[in-house]
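S.K.: Before I ask anything, here is the structure I am working with.
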Amino acid sequence: MGRFKRTLAACALVTTMAAGTVGWAAGDMQTAVTGPPPGAAAWTADHVLGRQLPDPAATAPARAAQFFAGLTAAQRELLAARHPLVVGSLDGAPPELRYTANTRALTAERDRELARTADPELSGGARRQARERAATYGRLLTPGHRVLAFDPRGRGQVVEVYGDLRTARRIAVVVPGSDTALTSYTTAARMARNLRAEMARRAPADHPAVIAWVGYTTPVGVGYDAATGHLAEQGAPRLIRFLDGMAATTHPATPPAVFCHSYGSVLCGIAAHRLTGRQLSDLVVAASPGMRLDRAGQVPVGARLWAADRDPTDWVRRIPAVELFGLGHGADPTGSSFGARVVSSDRAEGHTGYFVPGTASLRNFADIALGRYRAVTCAHPAPDTAKGCHHGLS
C-alpha cells in the first residue's frame with residue numbers, strides 16, 4: 001500500500017509539473033532538427049575530386065578526418081567553397097577549415113535574410129524575423145568569432161569556439177538547456193566565455209578553449225518538451241558525434257570536460273550510455289532537473305560525474321525527482337543516493353547563475369576542466385558524508 005501511494009503521489013507531481021503549475025512555464029512543442037546538414041545531397045553527388053565524398057550521415061568522424069588529411073590544401077578549400085554548409089558542420093573536418101566554410105555559409109545566409117527584409121510579399125513578422133537573423137549572422141561574422149558549426153534550419157543551431165583549439169591543452173564544452181537557439185544563445189555564450197576566462201586565469205599555460213555547443217533543438221519554455229526526453233534523445237547522437245569529431249581533430253592533454261546546464265543535462269545523461277573516457281574526461285551538470293540516470297555509475301568508465309549543488313533560489317529545486325509515463329527526468333544528481341561528486345555553488349544565484357564570476361561553482365568548474373581536482377570545493381554536506389567529492393582522486 002505504501003508503494004502504491006508513493007506511485008500515485010509521483011504521478012500527481014509529474015502531471016502537475018507537465019501542466020506548468022510548479023514553476024514550469026508554458027512552451028511550444030518543437031520538431032527536432034536531425035540528420036545531415038543542408039546541402040548533403042549535392043555534396044554526395046559531387047565528383048569534383050574524382051572520388052566519392054564521405055557521406056555526412058554515415059561516415060564516422062575519424063574516417064572523415066582521414067579523408068581530409070589525404071587532401072591537398074587546395075582541395076580542402078575547393079570543397080569548403082562549393083559546400084560550405086556541409087564542410088562547416090562535418091564532424092571530423094579540420095576546425096580551421098570549418099571556420100572558413102562557416103564564414104562563407106553565414107555570409108550567404110545573411111545576404112539571403114537581408115533580401116527577405118525588403119520582400120513586400122512577406123508579413124511584418126516574417127520580415128522582423130529576417131532582420132533578427134541577419135543581425136545574428138552579422139555578429140558571428142565580426143572578427144574574432146570561430147564558428148565550428150552552423151545550421152540555419154528551424155530555430156537555428158551554432159557551435160562557437162572561445163580560444164584556439166590548435167594550442168589548447170585543456171578543452172571544455174558547454175551544453176545549454178531550454179530557450180537556446182541561433183538567435184538566443186547569448187546565455188550559453190556567456191557561460192562559455194566566463195568558464196574560459198576563469199580557466200585562463202587559473203592556468204594560463206594551458207591555453208584553454210571552451211566551446212558553446214548549441215547543436216540540438218532545445219525546448220521553448222519549460223512545458224511539455226522540457227518535461228519529456230524526446231528532444232534530448234534526438235540531440236544526444238549529435239553530441240556524441242561532435243565529441244567523436246573533437247577526438248579525431250584536436251590533441252589536448254586530456255579529453256574535454258563537458259558541462260551540461262539544465263535541460264542540457266538530460267541530453268548528457270542520455271548520451272552518457274554511449275560515451276567513453278576517450279570522448280570526455282569529466283561530465284558536470286548544473287541546475288539539473290535529472291539526467292534520466294538512476295546512479296552515477298552509469299556514466300562511462302574513465303569519466304567522472306560531478307553535480308553543482310543547487311542554489312536555494314534556483315526554481316529547478318521544485319521539480320520532482322521522478323520519471324513516470326515519460327514525464328520528468330528521474331533522480332536528482334545532487335542527491336546522496338545518486339553518487340555524483342557534488343561541488344559547492346556558493347554565491348550562485350538563480351537558474352543561470354552557476355557560471356557567474358566570483359561564484360564557487362565557476363571556480364570549481366574551471367578546476368575540474370583543468371584537472372585540478374584537489375582544488376575543488378565539495379558541497380556541504382558531502383554527497384556520502386564519508387568520502388566527499390575528492391574520493392579516489394589524485
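Chain labels A, B, ... are given in the sequence in which chains occur in the C-alpha cells; within each chain residues are numbered consecutively from 1, and ligands are likewise numbered from 1 in the order shown.
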Quick one: residues within 9 Å of Ala205 of chain A, only C-alpha atoms, excluding same-chain residues fewer than 3 positions away - as a list of chain:residue names?

M.R.: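 Once the nearby chain positions are removed, what remains is A:Arg169, A:Ala200, A:Pro208.
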
S.K.: Could the residues in this selection be written to a file with C-alpha atoms, as a PDB file, in the first residue's frame?

M.R.:
ATOM      1  CA  ARG A 169      45.952  21.797 -23.668  1.00  0.00           C
ATOM      2  CA  ALA A 200      42.879  31.023 -18.277  1.00  0.00           C
ATOM      3  CA  PRO A 208      42.267  26.711 -22.583  1.00  0.00           C
TER       4      PRO A 208
END

S.K.: Write out as a PDB file with all heavy atoms, in the first residue's frame the residues lying within 8 Å of Trp306 of chain A, counting only C-alpha atoms and excluding same-chain residues fewer than 3 positions away.

M.R.:
ATOM      1  N   ASP A 282      35.464  14.426 -17.939  1.00  0.00           N
ATOM      2  CA  ASP A 282      34.560  14.732 -16.836  1.00  0.00           C
ATOM      3  C   ASP A 282      33.221  15.168 -17.395  1.00  0.00           C
ATOM      4  O   ASP A 282      33.155  15.856 -18.425  1.00  0.00           O
ATOM      5  CB  ASP A 282      35.134  15.854 -15.963  1.00  0.00           C
ATOM      6  CG  ASP A 282      36.443  15.473 -15.297  1.00  0.00           C
ATOM      7  OD1 ASP A 282      37.505  15.691 -15.906  1.00  0.00           O
ATOM      8  OD2 ASP A 282      36.392  14.952 -14.167  1.00  0.00           O
ATOM      9  N   LEU A 283      32.161  14.789 -16.700  1.00  0.00           N
ATOM     10  CA  LEU A 283      30.815  15.209 -17.046  1.00  0.00           C
ATOM     11  C   LEU A 283      30.267  15.975 -15.850  1.00  0.00           C
ATOM     12  O   LEU A 283      30.224  15.448 -14.738  1.00  0.00           O
ATOM     13  CB  LEU A 283      29.946  13.989 -17.355  1.00  0.00           C
ATOM     14  CG  LEU A 283      28.527  14.233 -17.863  1.00  0.00           C
ATOM     15  CD1 LEU A 283      28.540  15.014 -19.177  1.00  0.00           C
ATOM     16  CD2 LEU A 283      27.800  12.903 -18.054  1.00  0.00           C
ATOM     17  N   VAL A 284      29.872  17.222 -16.085  1.00  0.00           N
ATOM     18  CA  VAL A 284      29.477  18.118 -14.997  1.00  0.00           C
ATOM     19  C   VAL A 284      28.081  18.652 -15.292  1.00  0.00           C
ATOM     20  O   VAL A 284      27.824  19.151 -16.393  1.00  0.00           O
ATOM     21  CB  VAL A 284      30.455  19.302 -14.866  1.00  0.00           C
ATOM     22  CG1 VAL A 284      30.144  20.120 -13.618  1.00  0.00           C
ATOM     23  CG2 VAL A 284      31.902  18.809 -14.849  1.00  0.00           C
ATOM     24  N   VAL A 285      27.175  18.545 -14.325  1.00  0.00           N
ATOM     25  CA  VAL A 285      25.822  19.060 -14.529  1.00  0.00           C
ATOM     26  C   VAL A 285      25.545  20.172 -13.515  1.00  0.00           C
ATOM     27  O   VAL A 285      26.025  20.145 -12.383  1.00  0.00           O
ATOM     28  CB  VAL A 285      24.758  17.954 -14.411  1.00  0.00           C
ATOM     29  CG1 VAL A 285      25.007  16.878 -15.467  1.00  0.00           C
ATOM     30  CG2 VAL A 285      24.729  17.323 -13.031  1.00  0.00           C
ATOM     31  N   ALA A 340      26.969  11.147  -7.410  1.00  0.00           N
ATOM     32  CA  ALA A 340      27.834  12.106  -8.107  1.00  0.00           C
ATOM     33  C   ALA A 340      28.715  12.840  -7.097  1.00  0.00           C
ATOM     34  O   ALA A 340      28.438  12.862  -5.896  1.00  0.00           O
ATOM     35  CB  ALA A 340      26.990  13.105  -8.884  1.00  0.00           C
ATOM     36  N   ARG A 341      29.787  13.424  -7.588  1.00  0.00           N
ATOM     37  CA  ARG A 341      30.643  14.271  -6.753  1.00  0.00           C
ATOM     38  C   ARG A 341      30.016  15.660  -6.728  1.00  0.00           C
ATOM     39  O   ARG A 341      30.046  16.377  -7.734  1.00  0.00           O
ATOM     40  CB  ARG A 341      32.055  14.322  -7.331  1.00  0.00           C
ATOM     41  CG  ARG A 341      32.706  12.950  -7.478  1.00  0.00           C
ATOM     42  CD  ARG A 341      34.032  13.050  -8.215  1.00  0.00           C
ATOM     43  NE  ARG A 341      34.585  11.743  -8.506  1.00  0.00           N
ATOM     44  CZ  ARG A 341      35.360  11.044  -7.663  1.00  0.00           C
ATOM     45  NH1 ARG A 341      35.681  11.560  -6.485  1.00  0.00           N
ATOM     46  NH2 ARG A 341      35.813   9.852  -7.996  1.00  0.00           N
ATOM     47  N   VAL A 342      29.424  16.051  -5.609  1.00  0.00           N
ATOM     48  CA  VAL A 342      28.672  17.299  -5.517  1.00  0.00           C
ATOM     49  C   VAL A 342      29.592  18.421  -5.055  1.00  0.00           C
ATOM     50  O   VAL A 342      30.259  18.319  -4.022  1.00  0.00           O
ATOM     51  CB  VAL A 342      27.473  17.150  -4.567  1.00  0.00           C
ATOM     52  CG1 VAL A 342      26.657  18.440  -4.523  1.00  0.00           C
ATOM     53  CG2 VAL A 342      26.586  15.981  -5.003  1.00  0.00           C
ATOM     54  N   VAL A 343      29.632  19.496  -5.851  1.00  0.00           N
ATOM     55  CA  VAL A 343      30.540  20.604  -5.567  1.00  0.00           C
ATOM     56  C   VAL A 343      29.752  21.832  -5.140  1.00  0.00           C
ATOM     57  O   VAL A 343      28.579  21.998  -5.468  1.00  0.00           O
ATOM     58  CB  VAL A 343      31.420  20.931  -6.793  1.00  0.00           C
ATOM     59  CG1 VAL A 343      32.189  19.694  -7.235  1.00  0.00           C
ATOM     60  CG2 VAL A 343      30.591  21.487  -7.947  1.00  0.00           C
TER      61      VAL A 343
END

S.K.: Find the residues near Ala203 of chain A: any atom within 8 Å, counting only C-alpha atoms, skip ones fewer than 4 places away on the same chain, and give them as a list in words.

M.R.: Met199, His207 and Leu370 of chain A

S.K.: Can you list, as a list in words, every protein, DNA or RNA residue that comes within 9 Å of Ala60 of chain A when you count only C-alpha atoms, leaving out same-chain residues fewer than 5 positions away?

M.R.: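 Close residues of Ala60 of chain A: Ala65, Asp91, Gly92, Arg241, Asp244 and Gly245 of chain A.
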
S.K.: Per DSSP on the backbone, what are the strand (DSSP E or B) residues of segment 125-371 of chain A, as a PDB file with C-alpha atoms, in the first residue's frame?

M.R.:
ATOM      1  CA  ARG A 146      35.251  30.973 -34.568  1.00  0.00           C
ATOM      2  CA  VAL A 147      32.117  29.162 -35.697  1.00  0.00           C
ATOM      3  CA  LEU A 148      32.637  25.408 -35.678  1.00  0.00           C
ATOM      4  CA  ALA A 149      29.130  24.501 -36.866  1.00  0.00           C
ATOM      5  CA  PHE A 150      26.165  26.373 -38.272  1.00  0.00           C
ATOM      6  CA  ASP A 151      22.716  25.161 -39.325  1.00  0.00           C
ATOM      7  CA  GLN A 157      21.975  25.906 -34.355  1.00  0.00           C
ATOM      8  CA  VAL A 158      25.506  27.164 -33.816  1.00  0.00           C
ATOM      9  CA  VAL A 159      28.707  25.898 -32.217  1.00  0.00           C
ATOM     10  CA  GLU A 160      31.275  28.546 -31.322  1.00  0.00           C
ATOM     11  CA  VAL A 161      34.822  28.189 -30.010  1.00  0.00           C
ATOM     12  CA  TYR A 162      36.362  30.579 -27.491  1.00  0.00           C
ATOM     13  CA  ILE A 171      39.176  21.979 -23.669  1.00  0.00           C
ATOM     14  CA  ALA A 172      35.684  22.247 -22.220  1.00  0.00           C
ATOM     15  CA  VAL A 173      32.274  22.011 -23.875  1.00  0.00           C
ATOM     16  CA  VAL A 174      29.141  23.762 -22.570  1.00  0.00           C
ATOM     17  CA  VAL A 175      25.780  22.159 -23.431  1.00  0.00           C
ATOM     18  CA  ALA A 209      39.485  26.671 -25.161  1.00  0.00           C
ATOM     19  CA  VAL A 210      35.787  26.410 -24.369  1.00  0.00           C
ATOM     20  CA  ILE A 211      33.048  25.543 -26.853  1.00  0.00           C
ATOM     21  CA  ALA A 212      29.415  26.664 -26.654  1.00  0.00           C
ATOM     22  CA  TRP A 213      27.597  23.709 -28.240  1.00  0.00           C
ATOM     23  CA  VAL A 214      24.132  24.721 -29.413  1.00  0.00           C
ATOM     24  CA  ALA A 257      35.298  18.193 -19.850  1.00  0.00           C
ATOM     25  CA  VAL A 258      31.598  18.528 -20.726  1.00  0.00           C
ATOM     26  CA  PHE A 259      29.371  20.921 -18.743  1.00  0.00           C
ATOM     27  CA  CYS A 260      25.629  20.420 -19.078  1.00  0.00           C
ATOM     28  CA  HIS A 261      23.191  23.067 -17.860  1.00  0.00           C
ATOM     29  CA  ASP A 282      34.560  14.732 -16.836  1.00  0.00           C
ATOM     30  CA  LEU A 283      30.815  15.209 -17.046  1.00  0.00           C
ATOM     31  CA  VAL A 284      29.477  18.118 -14.997  1.00  0.00           C
ATOM     32  CA  VAL A 285      25.822  19.060 -14.529  1.00  0.00           C
ATOM     33  CA  ALA A 286      24.368  22.267 -13.122  1.00  0.00           C
ATOM     34  CA  ARG A 304      33.956  11.426 -13.530  1.00  0.00           C
ATOM     35  CA  LEU A 305      30.436  12.720 -12.886  1.00  0.00           C
ATOM     36  CA  TRP A 306      30.072  15.969 -10.964  1.00  0.00           C
ATOM     37  CA  ALA A 307      26.993  17.959  -9.965  1.00  0.00           C
ATOM     38  CA  ALA A 308      26.802  21.548  -8.780  1.00  0.00           C
ATOM     39  CA  LEU A 324       6.800   8.370 -14.818  1.00  0.00           C
ATOM     40  CA  LEU A 327       7.373  12.734 -17.825  1.00  0.00           C
ATOM     41  CA  ARG A 341      30.643  14.271  -6.753  1.00  0.00           C
ATOM     42  CA  VAL A 342      28.672  17.299  -5.517  1.00  0.00           C
ATOM     43  CA  VAL A 343      30.540  20.604  -5.567  1.00  0.00           C
TER      44      VAL A 343
END

S.K.: Please report the interatomic distance between atom CA of Pro204 of chain A and atom CA of Gly358 of chain A in Å with one decimal.

M.R.: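 Interatomic distance, atom CA of Pro204 of chain A to atom CA of Gly358 of chain A: 18.1 Å.
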
S.K.: Pull the closest atom pair for each residue of segment 196-290 of chain A that gets at most 8 Å from segment 330-336 of chain A, along with the distance in Å to one decimal, counting only C-alpha atoms, ordering rows by chain and then ascending residue number, as a Markdown table.

M.R.:
| residue | atom | partner | partner_atom | distance |
| --- | --- | --- | --- | --- |
| A:Val285 | CA | A:Pro333 | CA | 8.0 |
| A:Ser288 | CA | A:Pro333 | CA | 7.2 |
| A:Pro289 | CA | A:Asp332 | CA | 6.8 |
| A:Gly290 | CA | A:Asp332 | CA | 5.3 |

S.K.: For the residues in that selection, give me N, CA and C atoms as a tab-separated table (two decimals), in the first residue's frame.

M.R.:
chain	number	residue	atom	x	y	z
A	285	VAL	N	27.17	18.54	-14.32
A	285	VAL	CA	25.82	19.06	-14.53
A	285	VAL	C	25.55	20.17	-13.51
A	288	SER	N	20.33	20.91	-12.79
A	288	SER	CA	19.81	19.73	-13.49
A	288	SER	C	18.45	19.32	-12.95
A	289	PRO	N	17.45	19.11	-13.84
A	289	PRO	CA	16.17	18.55	-13.41
A	289	PRO	C	16.21	17.03	-13.32
A	290	GLY	N	17.37	16.44	-13.61
A	290	GLY	CA	17.55	15.00	-13.66
A	290	GLY	C	18.23	14.63	-14.96

S.K.: Work out how far atom CA of Gly302 of chain A is from atom CA of Pro255 of chain A, in Å to one decimal.

M.R.: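 Interatomic distance, atom CA of Pro255 of chain A to atom CA of Gly302 of chain A: 10.4 Å.
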
S.K.: Any idea what's packed within 10 Å of Asp225 of chain A, counting only C-alpha atoms, ignoring anything in its chain fewer than 4 positions away? Could you give it as a ChimeraX atom specification?

M.R.: /A:18,26-31,178,218-221,229-232,263,327

S.K.: DSSP on the backbone, helix (DSSP H, G or I) only: what residues of segment 137-382 of chain A does that give? Format it as a PyMOL selection string.

M.R.: chain A and resi 137-140+186-202+204-206+224-227+230-249+263-272+296-298+315-318+353-355+360-369+373-375

S.K.: Which residue out of A:Ala181, A:Leu140, A:Ala253, A:Ala197 has the minimum interatomic distance to Phe365 of chain A when only C-alpha atoms are used?

M.R.: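 Closest to Phe365 of chain A, using only C-alpha atoms: A:Ala197.
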
S.K.: Write out as a PyMOL selection string which residues come within 7 Å of segment 33-43 of chain A when counting only C-alpha atoms, dropping same-chain ones fewer than 5 positions away.

M.R.: chain A and resi 56-57+83+85-86+89+151+154+217

S.K.: May I have the selected residues written with all heavy atoms, as a short mmCIF file (atom, residue, chain, number, x, y, z; two decimals), in the first residue's frame?

M.R.:
data_model
loop_
_atom_site.label_atom_id
_atom_site.label_comp_id
_atom_site.auth_asym_id
_atom_site.auth_seq_id
_atom_site.Cartn_x
_atom_site.Cartn_y
_atom_site.Cartn_z
N PRO A 56 27.90 12.49 -45.17
CA PRO A 56 27.80 13.15 -43.86
C PRO A 56 26.93 12.41 -42.87
O PRO A 56 27.10 12.55 -41.66
CB PRO A 56 27.19 14.52 -44.21
CG PRO A 56 27.45 14.72 -45.64
CD PRO A 56 27.42 13.35 -46.26
N ALA A 57 25.98 11.62 -43.38
CA ALA A 57 25.06 10.91 -42.48
C ALA A 57 25.62 9.60 -41.97
O ALA A 57 25.17 9.09 -40.94
CB ALA A 57 23.74 10.65 -43.20
N HIS A 83 30.72 23.65 -50.91
CA HIS A 83 29.74 23.08 -49.98
C HIS A 83 29.96 23.62 -48.56
O HIS A 83 30.27 22.86 -47.63
CB HIS A 83 29.84 21.56 -49.98
CG HIS A 83 29.72 20.94 -51.32
ND1 HIS A 83 28.52 20.77 -51.98
CD2 HIS A 83 30.69 20.46 -52.18
CE1 HIS A 83 28.72 20.20 -53.15
NE2 HIS A 83 30.03 20.00 -53.30
N LEU A 85 28.01 24.73 -46.10
CA LEU A 85 27.18 24.25 -45.01
C LEU A 85 27.53 22.83 -44.60
O LEU A 85 27.41 22.47 -43.42
CB LEU A 85 25.70 24.34 -45.40
CG LEU A 85 25.06 25.72 -45.27
CD1 LEU A 85 23.68 25.74 -45.91
CD2 LEU A 85 24.95 26.14 -43.80
N VAL A 86 27.97 22.02 -45.55
CA VAL A 86 28.36 20.65 -45.23
C VAL A 86 29.72 20.63 -44.55
O VAL A 86 29.88 20.06 -43.45
CB VAL A 86 28.37 19.76 -46.49
CG1 VAL A 86 28.92 18.38 -46.16
CG2 VAL A 86 26.97 19.65 -47.07
N SER A 89 29.91 21.95 -40.93
CA SER A 89 29.30 21.19 -39.84
C SER A 89 29.71 19.72 -39.84
O SER A 89 29.14 18.93 -39.08
CB SER A 89 27.77 21.28 -39.94
OG SER A 89 27.33 22.60 -39.75
N ASP A 151 23.84 25.77 -38.63
CA ASP A 151 22.72 25.16 -39.33
C ASP A 151 21.54 26.13 -39.24
O ASP A 151 21.03 26.40 -38.16
CB ASP A 151 22.35 23.83 -38.68
CG ASP A 151 21.36 23.01 -39.51
OD1 ASP A 151 20.57 23.63 -40.26
OD2 ASP A 151 21.37 21.77 -39.41
N GLY A 154 15.15 25.39 -38.96
CA GLY A 154 14.38 25.54 -37.74
C GLY A 154 14.72 26.83 -37.02
O GLY A 154 14.80 27.91 -37.62
N THR A 217 18.09 20.80 -31.01
CA THR A 217 16.87 21.58 -30.84
C THR A 217 16.46 21.55 -29.38
O THR A 217 16.17 20.48 -28.83
CB THR A 217 15.74 21.00 -31.72
OG1 THR A 217 16.16 21.00 -33.09
CG2 THR A 217 14.47 21.83 -31.58
#

S.K.: So how far away is atom CA of Ala192 of chain A from atom CA of Val356 of chain A, in Å?

M.R.: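 Atom CA of Ala192 of chain A lies 10.5 Å from atom CA of Val356 of chain A.
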
S.K.: Name the closest residue to Leu362 of chain A among the candidates A:Ser281, A:Thr72, A:Thr59, A:Ser345; distances are taken between atoms, counting only C-alpha atoms.

M.R.: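 Checking each candidate against Leu362 of chain A, we get A:Ser345 as the closest.
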
S.K.: Go through A:Ala105, A:Gly392, A:Ala321, A:Val266 and flag the residue nearest Leu141 of chain A, using only C-alpha atoms for the distances.

M.R.: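 Closest to Leu141 of chain A of all the choices is A:Ala105.
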